[in-house]
Amino acid sequence: MAPSGTGPRRVTIDDVAEAAGVSRQTVSRALNDKGEIGVSTKQRVLDAALALGYRPSRFARGLVKQDTVSVGLVIPDLLNPFFTEVAAAALDAAR
């Protein structure tokens with residue numbers, strides 16, 4: 001159980017590897033559709049990932065690919081209508 005005041009722990013690639021009985025590299029190969037593993041192993045990994053509710057981390061993927069789709073915006077006061085408009089315009093532009 002998670003410590004008081006925190007949400008549930010995010011399922012990691014290590015959790016999927018343990019559940020499927022494979023290495024984390026094998027999980028990576030299965031999730032990225034690499035042909036270097038057997039069909040039954042790949043299906044076992046995908047089933048484990050689905051059962052655990054695994055979702056790949058966009059942050060981790062950005063580190064590996066050395067690319068990101070994140071945009072940061074620091075707003076000093078969201079109650080000020082000017083900054084709310086700035087934030088809304090930035091969101092529109094990013095989309």
# chains A, B, ... in the order shown; residues from 1 in each chain; ligands from 1

call {"tool": "residues_around", "arguments": {"residues": "Ser23 in chain A", "least_positions_apart": "3", "cutoff": "12 Å", "atoms": "only C-alpha atoms", "output": "list in words"}}
result
Ile13, Asp14, Asp15, Val16, Ala17, Glu18, Ala19, Ala20, Thr26, Val27, Ser28, Arg29, Ala30, Ile37, Thr41, Lys42 and Val45 of chain A

call {"tool": "closest_residue", "arguments": {"among": "A:Ala87, A:Ala93, A:Leu78, A:Leu46", "to": "Val22 in chain A", "atoms": "only C-alpha atoms"}}
result
A:Leu46

call {"tool": "atom_distance", "arguments": {"atom1": "CA of Gly35 in chain A", "atom2": "CA of Leu50 in chain A"}}
result
20.0 Å

call {"tool": "atom_distance", "arguments": {"atom1": "CA of Lys65 in chain A", "atom2": "CA of Arg10 in chain A"}}
result
21.5 Å

call {"tool": "atom_distance", "arguments": {"atom1": "CA of Arg55 in chain A", "atom2": "CA of Thr12 in chain A"}}
result
8.1 Å

call {"tool": "residues_around", "arguments": {"residues": "Ala90 in chain A", "least_positions_apart": "5", "cutoff": "10 Å", "atoms": "only C-alpha atoms", "output": "mmCIF file with C-alpha atoms, in the first residue's frame"}}
result
data_model
loop_
_atom_site.group_PDB
_atom_site.id
_atom_site.type_symbol
_atom_site.label_atom_id
_atom_site.label_comp_id
_atom_site.auth_asym_id
_atom_site.auth_seq_id
_atom_site.Cartn_x
_atom_site.Cartn_y
_atom_site.Cartn_z
ATOM 1 C CA VAL A 71 6.335 22.784 -22.917
ATOM 2 C CA GLY A 72 6.821 24.556 -19.611
ATOM 3 C CA LEU A 73 5.029 27.730 -18.646
ATOM 4 C CA THR A 84 -4.941 33.445 -17.631
ATOM 5 C CA GLU A 85 -5.161 34.776 -21.194
ATOM 6 C CA ARG A 95 -1.877 22.344 -29.728
#

call {"tool": "closest_residue", "arguments": {"among": "A:Val11, A:Asp33, A:Pro81, A:Gln25", "to": "Pro56 in chain A", "atoms": "only C-alpha atoms"}}
result
A:Val11

call {"tool": "select_by_dssp", "arguments": {"residues": "range 11-59 of chain A", "states": "alpha helix (DSSP H)", "output": "count of residues only"}}
result
32
